[in-house]
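Student: One structure is given below, represented as structure tokens, and several questions about it will come after.
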Amino acid sequence: YTFRTNLNTQVKDWLKMGISLGLTYQDYRTAGFITSGNSWYNPVSAANWLFPWITPYDEDGNECQIFDELGMYNTLYLQEIQPSSANYIRVNGNTYQEINPIKGLTIRAQQALEGYDYRNSYKALPPGPFAGAGTASEDFSRYHQFTFTNTAEYKFAVAEDHNFVLLAGQEAILSQ
């Protein structure tokens, strides 16, 4: 799921404000060996090298645990006994306030937030290749960063042929 919005407003002739916000939520399930590249048990990799007549089902349409022709476990069976689920929440947003107190002078303050929360749960259930040795793991990570930026810009012309811009700025970043 994704949500994105941008709102800008001109409060007074000399004051502008705005916000830009993006939120993302992902909830997904994977299985063991999915991230193992060219592993024999990665189903995407296996689809490239398995013989075309090898099927993960027997004559009755039931899923096999082992590919008899190869003497190795069926990738579908391994996916069932190694469930993994994860969710990911991400926020990316910023606000600004801009004032023009006199002609040619713009003072702008910006505040930004970037952050995420990630959780993953993995299991290898004890049947089949993991008999008597099932495992489970969970991992979690979280991050956020605030950025504060302040700028002052003064534009002016001398003798209408010479344009000048003076710019000063400051930025602070706080992260964890």
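Just remember, in the structure tokens the first chain shown is A, the second B, etc., residues are 1-based per chain, and ligands are 1-based in the order shown.
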Quick one: everything within 12 Å of Tyr25 of chain A, counting only C-alpha atoms, minus sequence neighbours fewer than 2 positions away in the same chain. Send it as a PyMOL selection string.
Tutor: chain A and resi 1-4+22-23+27-28+86-91+116-119
Student: Store the residues of this selection in a file with C-alpha atoms, as an mmCIF file, in the first residue's frame.
Tutor:
data_model
loop_
_atom_site.group_PDB
_atom_site.id
_atom_site.type_symbol
_atom_site.label_atom_id
_atom_site.label_comp_id
_atom_site.auth_asym_id
_atom_site.auth_seq_id
_atom_site.Cartn_x
_atom_site.Cartn_y
_atom_site.Cartn_z
ATOM 1 C CA TYR A 1 0.000 0.000 0.000
ATOM 2 C CA THR A 2 1.278 3.468 -0.846
ATOM 3 C CA PHE A 3 -0.004 6.889 0.114
ATOM 4 C CA ARG A 4 1.470 10.104 -1.270
ATOM 5 C CA GLY A 22 4.825 9.488 1.478
ATOM 6 C CA LEU A 23 3.873 6.353 3.412
ATOM 7 C CA ASP A 27 3.367 -7.285 3.864
ATOM 8 C CA TYR A 28 4.821 -10.291 2.079
ATOM 9 C CA ALA A 86 7.922 -9.862 6.642
ATOM 10 C CA ASN A 87 6.457 -6.405 6.788
ATOM 11 C CA TYR A 88 7.999 -3.073 5.976
ATOM 12 C CA ILE A 89 6.702 0.391 6.836
ATOM 13 C CA ARG A 90 8.406 3.460 5.400
ATOM 14 C CA VAL A 91 7.731 7.166 5.869
ATOM 15 C CA TYR A 116 11.389 2.699 8.332
ATOM 16 C CA ASP A 117 10.401 -0.254 10.463
ATOM 17 C CA TYR A 118 11.206 -3.775 9.148
ATOM 18 C CA ARG A 119 10.249 -7.123 10.703
#
Student: When distances are computed from only C-alpha atoms, which of A:Lys103, A:Arg108, A:Lys16, A:Lys123 shows the smallest separation from Arg29 of chain A?
Tutor: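 Selected residue with least distance to Arg29 of chain A: A:Lys123.
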Student: So that each row is one residue of segment 106-169 of chain A with an atom at most 12 Å from segment 62-69 of chain A, can you give its shortest atom pair and the distance in Å to one decimal, using only C-alpha atoms, rows by chain and rising number, as a tab-separated table?
Tutor:
residue	atom	partner	partner_atom	distance
A:Pro127	CA	A:Gln65	CA	10.5
A:Gly128	CA	A:Gln65	CA	8.1
A:Pro129	CA	A:Gln65	CA	10.2
Student: Suppose you want the space between atom CA of Lys155 of chain A and atom CA of Leu105 of chain A; what is it in Å?
Tutor: 6.6 Å
Student: Let me make sure I understand: among A:Ala109, A:Ala124, A:Ala168, A:Val158, which one has the smallest atom-to-atom distance to Met17 of chain A if we use only C-alpha atoms?
Tutor: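 When distances to Met17 of chain A are compared using only C-alpha atoms, the smallest one comes from A:Ala109.
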Student: To one decimal place, how far is atom CA of Asn100 of chain A from atom CA of Leu15 of chain A in Å?
Tutor: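 Answer for the atom CA of Asn100 of chain A to atom CA of Leu15 of chain A separation: 6.7 Å.
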Student: Could you please write out, as a PDB file with C-alpha atoms, in the first residue's frame, every residue of chain A that DSSP assigns to alpha helix (DSSP H)?
Tutor:
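Writing the result to part_10.pdb gives the following:
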ATOM      1  CA  PRO A  43      12.286 -22.248  -7.341  1.00  0.00           C
ATOM      2  CA  VAL A  44      13.119 -19.541  -9.881  1.00  0.00           C
ATOM      3  CA  SER A  45      16.565 -20.991 -10.481  1.00  0.00           C
ATOM      4  CA  ALA A  46      15.163 -24.545 -10.547  1.00  0.00           C
ATOM      5  CA  ALA A  47      12.651 -23.541 -13.240  1.00  0.00           C
ATOM      6  CA  ASN A  48      15.609 -22.792 -15.521  1.00  0.00           C
ATOM      7  CA  TRP A  49      17.447 -26.078 -15.147  1.00  0.00           C
ATOM      8  CA  THR A  75      11.092 -26.901  -4.304  1.00  0.00           C
ATOM      9  CA  LEU A  76       7.355 -26.456  -3.601  1.00  0.00           C
ATOM     10  CA  TYR A  77       7.546 -28.822  -0.640  1.00  0.00           C
ATOM     11  CA  LEU A  78      10.539 -26.930   0.774  1.00  0.00           C
ATOM     12  CA  GLN A  79       8.651 -23.654   0.476  1.00  0.00           C
ATOM     13  CA  GLU A  80       5.797 -25.077   2.555  1.00  0.00           C
TER      14      GLU A  80
END
Student: When you count only C-alpha atoms, which of these residues is closest to Thr9 of chain A: A:Ser84, A:Asn92, A:Asn74, A:Gln97?
Tutor: A:Gln97
Student: With distances taken over only C-alpha atoms, which of A:Asp60, A:Ser175, A:Thr5, A:Pro52 is nearest to Gly93 of chain A?
Tutor: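 Nearest to Gly93 of chain A: A:Thr5.
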Student: Within 12 Å of Phe130 of chain A, counting only C-alpha atoms, which residues show up once you throw out same-chain ones fewer than 4 positions away? Write them as a PyMOL selection string, please.
Tutor: chain A and resi 73+78+81-82+123-126+134-136
Student: As an exercise, work out the distance from atom CA of Gly115 of chain A to atom CA of Gln145 of chain A in Å and give it to one decimal place.
Tutor: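 Atom-to-atom, atom CA of Gly115 of chain A to atom CA of Gln145 of chain A, that is 6.2 Å.
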Student: Within segment 3-128 of chain A, find each residue whose DSSP state, derived from the backbone, is strand (DSSP E), and express the selection as a PyMOL selection string.
Tutor: chain A and resi 3-12+15-31+66-67+72-73+83-99+105-124
Student: Identify, on the basis of only C-alpha atoms, every residue whose closest approach to Ala157 of chain A does not exceed 12 Å; exclude the query and any residue fewer than 5 positions from it along the same chain; express the result as JSON, numbers by chain.
Tutor: {"A": [103, 104, 162, 163, 164, 165, 166]}
